Amino acid sequence: MKPENLNIIIADDHPLFRNALRQALNSGFSNTRWFEADSADGLQKLLEQTHQDYDLVLLDLQMPGSHGYSTLIHLRAHFPELPVIVISAHEDAATISRALHYGGAGFIPKSASMETFIDAITAVMFGDIWLPKGIELIEINDEEDTDKVAGKLSELTPQQYKVLQMFAEGLLNKQIAYDLGVSEATIKAHATAIFRKLGVRNRTQAVIALQQLGMEKVEIN
């Protein structure tokens with residue numbers, strides 16, 4: 001038996017992959033509505049639509065605006081009832097272990113077959129955790145610096161997280177204010193709150209903290 005009438009978000013920056021995945025999965029899930037996001041910001045906009053409830057997010061770790069595990073951490077903090085399956089071309093035990101450690105309900109390698117995708121989604125929708133066969137998870141040390149940053153990042157509001165992402169893109173306060181349709185004073189207030197929550201003094205330190213969650217920065221001993 002497979003779940004039906006689902007609302008699933010595919011968050012990946014490659015349109016060909018999103019299209020192929022959606023078409024292939026259509027046959028496995030009846031009456032499912034598919035939504036797509038090509039960036040962390042696009043995903044946030046979908047989630048902010050108050051008229052729409054979602055059942056699952058298929059999340060790529062490396063799309064624009066997403067610094068490694070940061071978007072996964074943000075999702076789990078602000079949408080704890082929404083399961084997230086991480087999909088990634090990185091299939092090593094360290095990446096998979098970290099994805100589950102930060103709240104992922106499953107991990108599907110991008111190289112997996114469509115049958116595997118269907119099995120994984122079905123398992124998660126019925127409340128299970130799904131992992132590739134043969135994977136031995138690595139224990140994560142909760143005292144690591146990256147874990148401390150993750151905890152602080154989860155305290156940011158969605159708007160503060162968006163501002164932090166724009167800091168990472170190198171945008172000035174004036175540009176951010178224009179893009180978000182708010183005043184520069186509002187951005188400065190967000191910046192002050194971001195610095196306080198992350199325990200840093202300025203934008204540079206805030207961006208460095210965010211970048212610690214990038215996949216290439218994370219090491220597990």
# chains A, B, ... in the order shown; residues from 1 in each chain; ligands from 1
$ select_by_dssp --residues "chain A" --states "strand (DSSP E or B)" --output "PyMOL selection string"
chain A and resi 7-11+33-37+56-60+84-88+106-109+130
$ closest_residue --among "A:Leu156, A:Ala177, A:Leu21, A:Leu58" --to "His78 (chain A)" --atoms "only C-alpha atoms"
A:Leu156
$ atom_distance --atom1 "CA of His90 (chain A)" --atom2 "CA of Tyr161 (chain A)"
24.8 Å
$ residues_around --residues "Ile9 (chain A)" --least-positions-apart "4" --cutoff "10 Å" --atoms "only C-alpha atoms" --output "JSON, numbers by chain"
{"A": [18, 22, 33, 34, 35, 36, 37, 43, 46, 47, 54, 55, 56, 57, 58, 59, 84]}
$ closest_residue --among "A:Asp38, A:Ser30, A:Ala150, A:Ile73" --to "Pro15 (chain A)" --atoms "only C-alpha atoms"
A:Asp38
$ closest_residue --among "A:Gly134, A:Pro109, A:Pro64, A:Gly214" --to "Val86 (chain A)" --atoms "only C-alpha atoms"
A:Pro109
$ closest_residue --among "A:Leu25, A:Leu172, A:Gly42, A:Ala20" --to "Thr122 (chain A)" --atoms "only C-alpha atoms"
A:Leu25
